[in-house]
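Text of the file run.csv, holding CSV, C-alpha atoms:
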```csv
chain,number,residue,atom,x,y,z
A,110,MET,CA,85.2,-101.4,114.3
A,111,SER,CA,85.3,-98.0,112.6
A,112,ALA,CA,85.0,-97.4,108.9
A,113,MET,CA,87.1,-99.9,106.8
A,114,LYS,CA,89.2,-97.5,104.8
A,115,ILE,CA,92.9,-97.1,104.6
A,116,PRO,CA,94.0,-95.0,101.6
A,117,GLY,CA,96.1,-97.1,99.3
A,118,VAL,CA,94.7,-100.4,100.7
A,119,ASN,CA,92.0,-102.5,99.2
A,120,MET,CA,90.7,-103.6,102.6
A,121,ASP,CA,87.9,-105.8,101.2
A,122,ALA,CA,90.4,-107.8,99.2
A,123,GLY,CA,92.8,-107.8,102.2
A,124,LEU,CA,90.2,-109.2,104.5
A,125,GLU,CA,89.3,-111.8,102.0
A,126,LEU,CA,93.0,-113.0,101.9
A,127,TYR,CA,92.4,-114.1,105.6
A,128,GLY,CA,89.0,-115.6,105.1
A,129,GLY,CA,87.2,-112.6,106.6
A,130,GLU,CA,89.1,-113.0,109.9
A,131,MET,CA,89.6,-109.4,111.0
A,132,ASP,CA,91.9,-110.3,113.9
A,133,ILE,CA,94.3,-112.0,111.5
A,134,TYR,CA,94.2,-109.1,109.1
A,135,LEU,CA,94.7,-106.6,111.9
A,136,SER,CA,97.9,-108.5,113.0
A,137,VAL,CA,99.2,-108.4,109.4
A,138,LEU,CA,98.5,-104.7,109.2
A,139,GLU,CA,100.3,-104.2,112.5
A,140,SER,CA,103.3,-106.1,111.3
A,141,PHE,CA,103.3,-104.1,108.1
A,142,ALA,CA,103.1,-100.8,110.1
A,143,ALA,CA,105.9,-101.9,112.4
A,144,ASN,CA,108.4,-103.2,109.9
A,145,THR,CA,108.0,-101.6,106.5
A,146,LEU,CA,109.7,-98.2,107.2
A,147,ASP,CA,113.1,-100.0,107.8
A,148,ALA,CA,112.8,-101.6,104.4
A,149,ILE,CA,111.8,-98.4,102.7
A,150,ASN,CA,114.9,-96.7,104.2
A,151,LYS,CA,117.1,-99.5,102.8
A,152,MET,CA,115.9,-98.5,99.3
A,153,ARG,CA,117.1,-94.9,99.6
A,154,ASP,CA,120.6,-94.8,98.2
A,155,VAL,CA,120.8,-97.3,95.3
A,156,THR,CA,124.0,-97.6,93.3
A,157,LYS,CA,125.4,-100.0,90.8
A,158,GLU,CA,127.1,-101.7,93.8
A,159,THR,CA,123.9,-102.1,95.9
A,160,ILE,CA,121.4,-102.8,93.1
A,161,SER,CA,121.2,-106.5,94.0
A,162,ASP,CA,120.4,-105.7,97.6
A,163,TYR,CA,117.9,-103.2,96.4
A,164,ALA,CA,116.2,-105.9,94.3
A,165,ILE,CA,115.8,-108.1,97.5
A,166,VAL,CA,114.3,-105.2,99.5
A,167,ALA,CA,112.0,-104.3,96.7
A,168,HIS,CA,110.8,-107.9,96.5
A,169,GLY,CA,110.1,-107.8,100.3
A,170,ILE,CA,108.1,-104.6,100.0
A,171,LYS,CA,106.2,-106.1,97.0
A,172,SER,CA,105.3,-109.2,99.0
A,173,VAL,CA,104.4,-107.5,102.3
A,174,SER,CA,102.3,-104.9,100.5
A,175,ALA,CA,100.5,-107.7,98.8
A,176,THR,CA,99.7,-109.3,102.2
A,177,ILE,CA,97.7,-106.2,103.1
A,178,ALA,CA,96.3,-105.7,99.6
A,179,ALA,CA,98.1,-102.4,99.0
A,180,GLU,CA,98.0,-103.1,95.3
A,181,ASN,CA,99.5,-99.9,94.0
A,182,ILE,CA,102.6,-100.0,96.1
A,183,SER,CA,103.0,-103.8,95.6
A,184,GLU,CA,102.8,-103.4,91.8
A,185,ARG,CA,105.3,-100.5,91.8
A,186,ALA,CA,107.7,-102.4,94.0
A,187,LYS,CA,107.4,-105.3,91.6
A,188,LYS,CA,108.4,-103.0,88.7
A,189,LEU,CA,111.4,-101.6,90.7
A,190,GLU,CA,112.5,-105.2,91.5
A,191,ALA,CA,112.4,-106.1,87.8
A,192,MET,CA,114.4,-103.0,86.9
A,193,ALA,CA,117.0,-103.9,89.6
A,194,LYS,CA,117.3,-107.4,88.3
A,195,ALA,CA,117.8,-106.0,84.8
A,196,GLY,CA,120.4,-103.6,86.1
A,197,ASP,CA,118.4,-100.6,85.1
A,198,LEU,CA,119.8,-98.1,87.5
A,199,GLN,CA,118.5,-95.1,85.5
A,200,GLY,CA,114.9,-96.5,85.6
A,201,ILE,CA,115.1,-97.0,89.3
A,202,LEU,CA,116.5,-93.5,90.0
A,203,ALA,CA,113.7,-92.0,87.9
A,204,ALA,CA,111.0,-93.7,89.9
A,205,ASN,CA,112.5,-94.3,93.3
A,206,ASP,CA,111.9,-91.0,95.2
A,207,GLU,CA,108.2,-90.9,94.4
A,208,PHE,CA,107.8,-94.6,95.2
A,209,LEU,CA,109.5,-94.2,98.6
A,210,LYS,CA,107.4,-91.1,99.4
A,211,ASP,CA,104.2,-93.0,98.5
A,212,ALA,CA,105.3,-96.1,100.4
A,213,GLU,CA,106.0,-93.9,103.5
A,214,ILE,CA,102.5,-92.3,103.2
A,215,LEU,CA,101.0,-95.8,103.0
A,216,VAL,CA,102.8,-96.9,106.2
A,217,LYS,CA,101.6,-93.7,107.9
A,218,ASN,CA,98.0,-94.3,106.7
A,219,VAL,CA,98.1,-97.8,108.1
A,220,LYS,CA,99.5,-96.6,111.4
A,221,ASN,CA,96.9,-93.9,111.7
A,222,TRP,CA,94.0,-96.3,110.9
A,223,LEU,CA,95.3,-98.8,113.4
A,224,GLU,CA,95.3,-96.1,116.1
A,225,THR,CA,91.6,-95.6,115.5
A,226,GLN,CA,91.0,-99.3,116.2
A,227,ALA,CA,92.7,-99.4,119.6
```
Now, as a test, write the supplied structure out as structure tokens.
Amino acid sequence: MSAMKIPGVNMDAGLELYGGEMDIYLSVLESFAANTLDAINKMRDVTKETISDYAIVAHGIKSVSATIAAENISERAKKLEAMAKAGDLQGILAANDEFLKDAEILVKNVKNWLETQA
């Protein structure tokens, strides 16, 4: 197992979530890498009409990021979800592009790290 470091992921905390079982944590990381870009893409064009769908997707990203201990992205998704539930479209639009860019980088970092484990 090469160095335990994925930028944006607290791997020690992540491993702890699964009782130190690296094989379980690896499968969770693989699932995150495989499925999260689709969710990120669903958050791109948020409008008044789609804000409730946006809240659901943000909730999903918050949860799945928490399962790998990607604390920064999870926390930011939680804030965006709260804004969506409050109907704060301006707040979302102010933060969304940077969030999506950072979330994409996180997915890429996870994928790159997983490739080193093969």
Exercise for the section: Fewer than 6 positions away in the same chain doesn't count, so skip those; otherwise give me all residues within 12 Å of range 205-208 of chain A, counting only C-alpha atoms, as a PyMOL selection string. Expected result: chain A and resi 149-156+163+167+170-171+181-190+192-193+197-199+214-215
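Ranking A:Asp211, A:Asp162, A:Glu224, A:Glu125 by their shortest atom-to-atom distance to Ile177 in chain A, with only C-alpha atoms included, puts A:Glu125 first.
The shortest atom-to-atom distance to Lys217 in chain A, with all atoms listed in the file taken into account, belongs to A:Asn144 out of A:Asn119, A:Ser136, A:Asn144, A:Thr176.
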Problem - For Thr145 in chain A: contacts at 10 Å, only C-alpha atoms, fewer than 5 positions along chain excluded, given as a PyMOL selection string - result: chain A and resi 140+150+169-170+173-174+212-213+215-216
Preceding selection exported with C-alpha atoms as a JSON list (two decimals), in the frame of the given file:
```json
[["chain", "number", "residue", "atom", "x", "y", "z"],
["A", 140, "SER", "CA", 103.30, -106.10, 111.30],
["A", 150, "ASN", "CA", 114.90, -96.70, 104.20],
["A", 169, "GLY", "CA", 110.10, -107.80, 100.30],
["A", 170, "ILE", "CA", 108.10, -104.60, 100.00],
["A", 173, "VAL", "CA", 104.40, -107.50, 102.30],
["A", 174, "SER", "CA", 102.30, -104.90, 100.50],
["A", 212, "ALA", "CA", 105.30, -96.10, 100.40],
["A", 213, "GLU", "CA", 106.00, -93.90, 103.50],
["A", 215, "LEU", "CA", 101.00, -95.80, 103.00],
["A", 216, "VAL", "CA", 102.80, -96.90, 106.20]]
```
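With CA of Phe141 in chain A on one side and CA of Gly200 in chain A on the other, the separation reads 26.4 Å.
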